[in-house]
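Raw contents of data.csv, CSV, C-alpha atoms:
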chain,number,residue,atom,x,y,z
A,2,ASP,CA,71.1,-223.9,-173.4
A,3,SER,CA,71.7,-223.2,-177.1
A,4,LEU,CA,70.0,-223.0,-180.4
A,5,ASP,CA,71.4,-224.3,-183.7
A,6,VAL,CA,70.3,-222.3,-186.8
A,7,LEU,CA,70.9,-223.5,-190.3
A,8,VAL,CA,71.3,-220.7,-192.9
A,9,GLN,CA,72.3,-221.5,-196.5
A,10,GLY,CA,74.4,-224.6,-195.5
A,11,TYR,CA,76.0,-222.9,-192.4
A,12,ILE,CA,75.1,-223.8,-188.9
A,13,PHE,CA,75.2,-221.0,-186.3
A,14,ARG,CA,74.9,-221.9,-182.6
A,15,VAL,CA,73.1,-219.2,-180.6
A,16,TYR,CA,73.4,-219.0,-176.8
A,17,PRO,CA,70.5,-216.8,-175.5
A,18,MET,CA,71.6,-214.6,-172.6
A,19,ALA,CA,69.1,-213.0,-170.3
A,20,THR,CA,70.9,-212.7,-167.0
A,21,PHE,CA,68.5,-210.4,-165.2
A,22,GLU,CA,65.4,-212.4,-166.2
A,23,THR,CA,66.9,-215.8,-165.4
A,24,GLU,CA,68.0,-214.5,-162.0
A,25,ARG,CA,64.6,-213.4,-161.1
A,26,ILE,CA,62.9,-216.6,-162.4
A,27,ALA,CA,65.4,-218.7,-160.3
A,28,LEU,CA,64.6,-216.8,-157.2
A,29,LEU,CA,60.8,-217.0,-157.8
A,30,ASN,CA,61.1,-220.7,-158.4
A,31,THR,CA,62.7,-221.2,-155.0
A,32,ALA,CA,59.8,-219.2,-153.4
A,33,PRO,CA,57.0,-219.1,-155.9
A,34,THR,CA,54.6,-217.3,-153.6
A,35,ASN,CA,57.1,-214.5,-152.9
A,36,LEU,CA,56.4,-211.9,-155.7
A,37,PHE,CA,58.1,-209.2,-153.7
A,38,LEU,CA,61.8,-210.0,-153.3
A,39,THR,CA,63.2,-208.8,-150.0
A,40,ASP,CA,66.7,-208.4,-151.2
A,41,ILE,CA,66.5,-206.1,-154.3
A,42,THR,CA,69.8,-206.1,-156.2
A,43,PRO,CA,70.4,-203.5,-159.0
A,44,SER,CA,69.7,-206.2,-161.6
A,45,HIS,CA,66.3,-207.1,-160.0
A,46,TYR,CA,65.5,-203.4,-159.7
A,47,ALA,CA,66.2,-202.8,-163.4
A,48,VAL,CA,64.1,-205.8,-164.5
A,49,ASN,CA,61.2,-204.9,-162.3
A,50,CYS,CA,61.2,-201.3,-163.5
A,51,ARG,CA,61.3,-202.4,-167.1
A,52,TYR,CA,59.0,-205.4,-167.2
A,53,VAL,CA,57.0,-205.7,-164.0
A,54,ILE,CA,56.0,-202.3,-162.6
A,55,PRO,CA,55.0,-200.4,-165.8
A,56,PRO,CA,52.1,-202.7,-166.7
A,57,LEU,CA,50.9,-202.6,-163.0
A,58,HIS,CA,51.1,-198.8,-163.1
A,59,HIS,CA,49.2,-198.5,-166.4
A,60,ASN,CA,46.5,-200.8,-165.1
A,61,ALA,CA,46.0,-198.6,-162.1
A,62,MET,CA,45.9,-195.5,-164.3
A,63,LYS,CA,43.3,-197.2,-166.5
A,64,SER,CA,41.2,-197.9,-163.4
A,65,LEU,CA,41.6,-194.3,-162.2
A,66,HIS,CA,40.4,-193.0,-165.5
A,67,ALA,CA,37.4,-195.2,-165.4
A,68,ALA,CA,36.5,-193.8,-162.0
A,69,HIS,CA,37.3,-190.2,-163.0
A,70,PRO,CA,36.9,-189.7,-166.7
A,71,ILE,CA,38.6,-186.2,-166.5
A,72,PHE,CA,41.8,-187.8,-165.3
A,73,GLY,CA,43.0,-188.5,-168.8
A,74,GLU,CA,42.1,-185.0,-170.0
A,75,THR,CA,44.0,-183.5,-167.1
A,76,VAL,CA,47.1,-185.5,-167.9
A,77,LYS,CA,47.0,-184.3,-171.5
A,78,LEU,CA,46.6,-180.7,-170.3
A,79,MET,CA,49.5,-181.1,-167.9
A,80,ARG,CA,51.7,-182.5,-170.7
A,81,LEU,CA,50.8,-179.6,-172.9
A,82,TRP,CA,51.7,-177.1,-170.2
A,83,LEU,CA,55.0,-178.8,-169.7
A,84,ALA,CA,55.7,-178.8,-173.4
A,85,ARG,CA,54.8,-175.1,-173.7
A,86,HIS,CA,57.3,-174.3,-171.0
A,87,GLN,CA,60.1,-176.5,-172.5
A,88,PHE,CA,59.9,-179.1,-169.7
A,89,SER,CA,58.4,-182.0,-171.7
A,90,GLY,CA,61.8,-183.8,-171.8
A,91,HIS,CA,62.4,-183.5,-168.1
A,92,LEU,CA,59.2,-185.2,-166.7
A,93,CYS,CA,58.2,-188.7,-168.0
A,94,GLN,CA,54.6,-189.8,-168.6
A,95,GLU,CA,54.4,-191.9,-165.5
A,96,ALA,CA,55.6,-189.0,-163.3
A,97,ILE,CA,52.9,-186.7,-164.8
A,98,GLU,CA,50.2,-189.3,-164.2
A,99,CYS,CA,51.3,-189.7,-160.5
A,100,LEU,CA,51.2,-185.9,-160.0
A,101,VAL,CA,47.7,-185.7,-161.4
A,102,ALA,CA,46.6,-188.9,-159.7
A,103,THR,CA,47.5,-187.4,-156.3
A,104,GLU,CA,44.8,-184.8,-156.6
A,105,PHE,CA,42.2,-187.5,-157.3
A,106,LEU,CA,43.4,-190.0,-154.6
A,107,HIS,CA,44.6,-187.5,-152.0
A,108,PRO,CA,42.7,-184.3,-152.8
A,109,SER,CA,43.9,-181.1,-151.2
A,110,THR,CA,40.3,-180.2,-150.5
A,111,SER,CA,37.4,-182.2,-149.2
A,112,MET,CA,36.7,-183.9,-152.5
A,113,ALA,CA,38.4,-184.8,-155.8
A,114,PRO,CA,38.1,-182.3,-158.6
A,115,THR,CA,35.1,-182.5,-160.9
A,116,THR,CA,36.3,-180.5,-163.9
A,117,THR,CA,39.5,-180.7,-166.0
A,118,SER,CA,40.4,-177.1,-165.2
A,119,ALA,CA,40.1,-177.6,-161.5
A,120,ALA,CA,42.2,-180.7,-161.6
A,121,PHE,CA,44.8,-179.0,-163.7
A,122,LEU,CA,45.0,-176.0,-161.3
A,123,ARG,CA,45.2,-178.3,-158.3
A,124,THR,CA,48.0,-180.2,-159.9
A,125,LEU,CA,50.0,-177.0,-160.5
A,126,GLN,CA,49.3,-176.0,-156.9
A,127,LEU,CA,50.6,-179.4,-155.7
A,128,LEU,CA,53.8,-178.9,-157.7
A,129,VAL,CA,54.2,-175.5,-156.0
A,130,ASP,CA,53.2,-176.4,-152.4
A,131,PHE,CA,54.7,-179.8,-151.9
A,132,ASN,CA,57.9,-179.9,-149.9
A,133,TRP,CA,60.0,-181.9,-152.3
A,134,ASP,CA,63.2,-181.4,-150.2
A,135,GLU,CA,61.8,-183.0,-147.1
A,136,GLU,CA,59.0,-185.4,-148.1
A,137,PRO,CA,58.4,-188.3,-150.5
A,138,LEU,CA,55.3,-188.0,-152.6
A,139,ILE,CA,53.3,-191.2,-151.9
A,140,VAL,CA,50.5,-192.3,-154.2
A,141,ASP,CA,48.3,-195.0,-152.8
A,142,TYR,CA,46.5,-196.8,-155.7
A,143,SER,CA,44.3,-198.7,-153.2
A,144,LEU,CA,42.1,-195.6,-153.0
A,145,ILE,CA,41.0,-196.0,-156.6
A,146,ALA,CA,37.3,-196.9,-156.6
A,147,GLY,CA,36.8,-200.6,-157.6
A,148,VAL,CA,40.4,-201.7,-157.3
A,149,LEU,CA,39.6,-203.8,-154.2
A,150,THR,CA,36.5,-205.9,-153.9
A,151,ASP,CA,34.6,-206.2,-150.6
A,152,GLU,CA,35.8,-209.8,-150.4
A,153,GLU,CA,39.5,-208.7,-150.8
A,154,LYS,CA,39.1,-206.0,-148.2
A,155,ALA,CA,37.6,-208.5,-145.7
A,156,LYS,CA,40.3,-211.0,-146.3
A,157,MET,CA,43.1,-208.5,-145.9
A,158,ALA,CA,41.6,-207.2,-142.7
A,159,THR,CA,41.9,-210.6,-141.1
A,160,ASN,CA,44.9,-212.0,-142.9
A,161,PRO,CA,48.1,-209.8,-142.8
A,162,ALA,CA,49.9,-212.2,-145.2
A,163,ALA,CA,47.2,-211.6,-147.8
A,164,ALA,CA,47.5,-207.9,-147.4
A,165,ALA,CA,51.3,-208.1,-147.7
A,166,ALA,CA,51.0,-210.1,-150.9
A,167,ASN,CA,48.4,-207.9,-152.6
A,168,LEU,CA,49.7,-205.0,-154.7
A,169,ASN,CA,46.5,-203.1,-154.2
A,170,ALA,CA,46.5,-203.3,-150.4
A,171,PRO,CA,46.3,-200.0,-148.6
A,172,LEU,CA,49.7,-198.5,-147.6
A,173,THR,CA,49.9,-199.0,-143.9
A,174,THR,CA,51.7,-196.8,-141.3
A,175,ASP,CA,54.6,-199.3,-141.3
A,176,VAL,CA,54.9,-199.1,-145.1
A,177,ARG,CA,54.9,-195.3,-145.0
A,178,THR,CA,57.5,-195.3,-142.3
A,179,LEU,CA,59.7,-197.6,-144.5
A,180,ILE,CA,59.3,-195.2,-147.4
A,181,ALA,CA,60.2,-192.2,-145.2
A,182,THR,CA,63.3,-194.1,-144.0
A,183,ARG,CA,64.4,-194.9,-147.5
A,184,PHE,CA,63.9,-191.3,-148.4
A,185,ARG,CA,66.0,-190.0,-145.6
A,186,ALA,CA,68.7,-192.6,-146.3
A,187,SER,CA,68.8,-191.6,-150.0
A,188,LYS,CA,69.0,-187.9,-149.1
A,189,THR,CA,71.8,-188.6,-146.6
A,190,ALA,CA,73.8,-190.5,-149.2
A,191,MET,CA,73.3,-187.7,-151.6
A,192,GLU,CA,74.6,-185.1,-149.1
A,193,SER,CA,77.7,-187.2,-148.3
A,194,VAL,CA,78.9,-187.1,-152.0
A,195,PRO,CA,81.2,-184.2,-152.8
A,196,VAL,CA,79.7,-181.8,-155.4
A,197,LEU,CA,82.6,-182.3,-157.8
A,198,GLU,CA,82.1,-186.1,-157.8
A,199,MET,CA,78.4,-186.1,-158.5
A,200,ASN,CA,77.3,-187.8,-161.7
A,201,PRO,CA,74.1,-186.3,-163.1
A,202,GLN,CA,73.4,-189.5,-165.1
A,203,GLN,CA,73.3,-191.5,-161.8
A,204,LEU,CA,71.2,-189.6,-159.4
A,205,ILE,CA,71.6,-190.9,-155.8
A,206,HIS,CA,68.6,-188.9,-154.5
A,207,PRO,CA,66.0,-187.6,-157.0
A,208,ALA,CA,64.7,-184.1,-156.7
A,209,MET,CA,61.1,-185.6,-157.1
A,210,TYR,CA,60.9,-188.7,-154.9
A,211,VAL,CA,57.7,-190.3,-156.0
A,212,VAL,CA,56.6,-193.7,-154.6
A,213,THR,CA,53.5,-195.6,-155.6
A,214,SER,CA,51.7,-198.8,-154.4
A,215,VAL,CA,53.2,-200.9,-157.2
A,216,ASP,CA,56.7,-200.0,-156.0
A,217,LYS,CA,56.1,-202.7,-153.5
A,218,VAL,CA,57.7,-205.1,-156.1
A,219,ASN,CA,61.0,-203.3,-155.4
A,220,GLU,CA,60.5,-203.0,-151.7
A,221,PHE,CA,59.3,-199.4,-152.3
A,222,GLU,CA,62.4,-198.3,-154.1
A,223,PRO,CA,60.9,-195.8,-156.6
A,224,MET,CA,60.5,-196.8,-160.2
A,225,LEU,CA,60.7,-193.1,-161.2
A,226,LYS,CA,63.9,-192.5,-159.3
A,227,PRO,CA,66.1,-192.5,-162.5
A,228,PHE,CA,63.6,-190.3,-164.4
A,229,SER,CA,63.5,-187.4,-161.9
A,230,PRO,CA,64.3,-183.9,-163.2
A,231,GLU,CA,67.3,-182.2,-161.8
A,232,LYS,CA,66.8,-180.0,-158.8
A,233,VAL,CA,67.4,-176.8,-160.8
A,234,VAL,CA,64.8,-177.9,-163.4
A,235,LEU,CA,62.3,-178.7,-160.7
A,236,ASN,CA,62.7,-175.2,-159.3
A,237,LEU,CA,62.1,-173.7,-162.7
A,238,MET,CA,59.0,-175.8,-163.0
A,239,ILE,CA,57.8,-174.5,-159.7
A,240,GLN,CA,58.4,-170.9,-160.7
A,241,ALA,CA,56.6,-171.5,-164.0
A,242,ALA,CA,53.6,-173.0,-162.1
A,243,LYS,CA,53.5,-170.0,-159.8
A,244,VAL,CA,53.4,-167.6,-162.8
A,245,THR,CA,50.6,-169.7,-164.5
A,246,LEU,CA,48.5,-169.9,-161.3
A,247,LYS,CA,48.8,-166.1,-160.7
A,248,ARG,CA,47.9,-165.2,-164.2
A,249,ILE,CA,44.9,-167.6,-164.3
A,250,ARG,CA,43.6,-166.2,-161.0
A,251,THR,CA,44.0,-162.6,-161.8
A,252,GLU,CA,42.9,-162.7,-165.5
A,253,TYR,CA,40.4,-165.5,-165.8
A,254,LEU,CA,39.1,-166.6,-162.4
A,255,CYS,CA,37.8,-165.3,-159.1
A,256,PRO,CA,40.1,-165.7,-156.1
A,257,ALA,CA,38.5,-169.1,-155.3
A,258,ILE,CA,39.5,-171.6,-157.9
A,259,ASP,CA,38.1,-174.7,-156.4
A,260,ASP,CA,34.8,-176.2,-157.7
Can you turn what I pasted into structure tokens?
Amino acid sequence: DSLDVLVQGYIFRVYPMATFETERIALLNTAPTNLFLTDITPSHYAVNCRYVIPPLHHNAMKSLHAAHPIFGETVKLMRLWLARHQFSGHLCQEAIECLVATEFLHPSTSMAPTTTSAAFLRTLQLLVDFNWDEEPLIVDYSLIAGVLTDEEKAKMATNPAAAAANLNAPLTTDVRTLIATRFRASKTAMESVPVLEMNPQQLIHPAMYVVTSVDKVNEFEPMLKPFSPEKVVLNLMIQAAKVTLKRIRTEYLCPAIDD
């Protein structure tokens, strides 16, 4: 419980404190097979968002880049576009990756983009067209090629428990319903708070509600929730994307921009 440190003849007794981590370890020790805690407290949410989910997200992005080498280039181009429009401080790296990943995993056309320019334009179009007020953006990492082996797919098809415990398991209809329910509850809570009592530093309902497969660790409470841009900033991003798309179409490309 304590550590005695001897420094130049003086003894200092140190009591390490890691409340969040010890709480999670204690819960996992009581149910070591339960990686996904059913009762997510604010402390568990904070620990998962800081220590558990980011490595899982980055591993998924690494796999996506391996499957689509232009993914990384598109993320860089999107970051450059945001910086040129003074938005770089309003959208974190993970949110940008999720936006770009959506066009590779859930393409707006029949197939994923094959060039960086097409992927960039489709990402801007997604930013413009998506109904951020009424829908959560769901990114299913199970669609990344090579993430699930044939053996894992067969096992999950016959064993629901294995599918529930696998972070890379496809997002089922029940899971999507749960995410939609959480989205509506969050939005309702936001609308019930008087405007004068809102705290911009503690967003109840983010303007960009982005949920990924690895948010299963937090019962699909979005990791990116605290990092969402404010609604007015999101609207400015959408307007800037519209201007960019219009200029590219009229000055550089034919009306059809897809590959």
When distances are computed from all atoms listed in the file, which of A:Glu222, A:Thr42, A:Ala208, A:Thr103 shows the smallest separation from Thr182 (chain A)?
-> A:Glu222
So what do you get for CA of Ile180 (chain A) versus CA of Ile139 (chain A), distance-wise?
-> 8.5 Å
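The gap separating CA of Ala120 (chain A) from CA of Glu104 (chain A) is 7.0 Å, in Å to one decimal.
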Of A:Ile54, A:Cys93, A:Met191, A:Ala113, the one sitting nearest Ile71 (chain A) when using all atoms listed in the file is A:Ala113
Identify, on the basis of all atoms listed in the file, every residue whose closest approach to Pro137 (chain A) does not exceed 12 Å; exclude the query and any residue fewer than 3 positions from it along the same chain; express the result as a count of residues only.
-> 30
Counting only C-alpha atoms, the option among A:Asn49, A:Ser118, A:Asn219, A:Ser64 closest to Lys77 (chain A) |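 Closest residue, counting only C-alpha atoms: A:Ser118.
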What does the distance from CA of Met224 (chain A) to CA of Asn236 (chain A) come to in Å, to one decimal?
-> 21.7 Å
Of the candidates A:Ala158, A:Val48, A:Leu83, A:Ile145, which shows the shortest atom-to-atom distance to Ala102 (chain A), using all atoms listed in the file?
->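 Of A:Ala158, A:Val48, A:Leu83, A:Ile145, the one nearest Ala102 (chain A) is A:Ile145, counting all atoms listed in the file.
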Add whatever atoms are absent from region 70-81 of chain A to reach all heavy atoms, and provide the output as a CSV table (one decimal), in the coordinates of the input.
chain,number,residue,atom,x,y,z
A,70,PRO,N,36.7,-189.8,-165.3
A,70,PRO,CA,36.9,-189.7,-166.7
A,70,PRO,C,37.8,-188.4,-167.1
A,70,PRO,O,38.4,-188.4,-168.1
A,70,PRO,CB,35.5,-189.6,-167.3
A,70,PRO,CG,34.7,-190.3,-166.4
A,70,PRO,CD,35.2,-190.0,-165.0
A,71,ILE,N,37.8,-187.4,-166.2
A,71,ILE,CA,38.6,-186.2,-166.5
A,71,ILE,C,40.0,-186.4,-166.2
A,71,ILE,O,40.8,-185.5,-166.5
A,71,ILE,CB,38.0,-185.0,-165.7
A,71,ILE,CG1,38.2,-185.2,-164.2
A,71,ILE,CG2,36.6,-184.7,-166.1
A,71,ILE,CD1,37.9,-184.0,-163.4
A,72,PHE,N,40.4,-187.5,-165.6
A,72,PHE,CA,41.8,-187.8,-165.3
A,72,PHE,C,42.7,-187.7,-166.5
A,72,PHE,O,43.7,-187.1,-166.6
A,72,PHE,CB,42.0,-189.1,-164.6
A,72,PHE,CG,43.4,-189.6,-164.4
A,72,PHE,CD1,44.2,-189.0,-163.5
A,72,PHE,CD2,43.9,-190.6,-165.2
A,72,PHE,CE1,45.5,-189.4,-163.4
A,72,PHE,CE2,45.2,-191.0,-165.1
A,72,PHE,CZ,46.0,-190.4,-164.2
A,73,GLY,N,42.3,-188.5,-167.6
A,73,GLY,CA,43.0,-188.5,-168.8
A,73,GLY,C,43.2,-187.1,-169.5
A,73,GLY,O,44.2,-186.8,-169.9
A,74,GLU,N,42.1,-186.4,-169.4
A,74,GLU,CA,42.1,-185.0,-170.0
A,74,GLU,C,43.1,-184.1,-169.2
A,74,GLU,O,43.8,-183.3,-169.8
A,74,GLU,CB,40.7,-184.4,-170.0
A,74,GLU,CG,39.7,-185.2,-170.8
A,74,GLU,CD,38.3,-184.6,-170.7
A,74,GLU,OE1,38.2,-183.6,-169.9
A,74,GLU,OE2,37.4,-185.1,-171.4
A,75,THR,N,43.1,-184.3,-167.9
A,75,THR,CA,44.0,-183.5,-167.1
A,75,THR,C,45.5,-183.8,-167.4
A,75,THR,O,46.3,-182.9,-167.4
A,75,THR,CB,43.7,-183.7,-165.6
A,75,THR,OG1,42.3,-183.5,-165.4
A,75,THR,CG2,44.5,-182.7,-164.7
A,76,VAL,N,45.8,-185.1,-167.5
A,76,VAL,CA,47.1,-185.5,-167.9
A,76,VAL,C,47.6,-184.9,-169.2
A,76,VAL,O,48.7,-184.4,-169.3
A,76,VAL,CB,47.2,-187.1,-167.9
A,76,VAL,CG1,48.6,-187.5,-168.5
A,76,VAL,CG2,47.0,-187.7,-166.6
A,77,LYS,N,46.7,-184.9,-170.2
A,77,LYS,CA,47.0,-184.3,-171.5
A,77,LYS,C,47.3,-182.8,-171.3
A,77,LYS,O,48.2,-182.3,-171.9
A,77,LYS,CB,45.9,-184.6,-172.5
A,77,LYS,CG,45.7,-186.0,-172.9
A,77,LYS,CD,44.6,-186.1,-173.9
A,77,LYS,CE,44.4,-187.6,-174.4
A,77,LYS,NZ,43.3,-187.7,-175.3
A,78,LEU,N,46.4,-182.1,-170.5
A,78,LEU,CA,46.6,-180.7,-170.3
A,78,LEU,C,47.9,-180.4,-169.6
A,78,LEU,O,48.6,-179.5,-169.9
A,78,LEU,CB,45.4,-180.2,-169.5
A,78,LEU,CG,45.3,-178.6,-169.4
A,78,LEU,CD1,45.3,-178.0,-170.8
A,78,LEU,CD2,44.1,-178.3,-168.6
A,79,MET,N,48.3,-181.3,-168.7
A,79,MET,CA,49.5,-181.1,-167.9
A,79,MET,C,50.7,-181.3,-168.9
A,79,MET,O,51.7,-180.6,-168.8
A,79,MET,CB,49.6,-182.1,-166.8
A,79,MET,CG,50.7,-181.8,-165.8
A,79,MET,SD,50.4,-180.2,-164.9
A,79,MET,CE,51.9,-180.1,-164.0
A,80,ARG,N,50.6,-182.3,-169.7
A,80,ARG,CA,51.7,-182.5,-170.7
A,80,ARG,C,51.8,-181.3,-171.6
A,80,ARG,O,53.0,-180.9,-172.0
A,80,ARG,CB,51.4,-183.8,-171.5
A,80,ARG,CG,51.5,-185.1,-170.7
A,80,ARG,CD,51.3,-186.3,-171.6
A,80,ARG,NE,52.2,-186.3,-172.7
A,80,ARG,CZ,52.2,-187.2,-173.7
A,80,ARG,NH1,51.2,-188.1,-173.8
A,80,ARG,NH2,53.1,-187.2,-174.7
A,81,LEU,N,50.7,-180.8,-172.1
A,81,LEU,CA,50.8,-179.6,-172.9
A,81,LEU,C,51.4,-178.4,-172.2
A,81,LEU,O,52.2,-177.7,-172.8
A,81,LEU,CB,49.3,-179.2,-173.4
A,81,LEU,CG,49.2,-178.0,-174.3
A,81,LEU,CD1,49.9,-178.2,-175.6
A,81,LEU,CD2,47.7,-177.7,-174.6
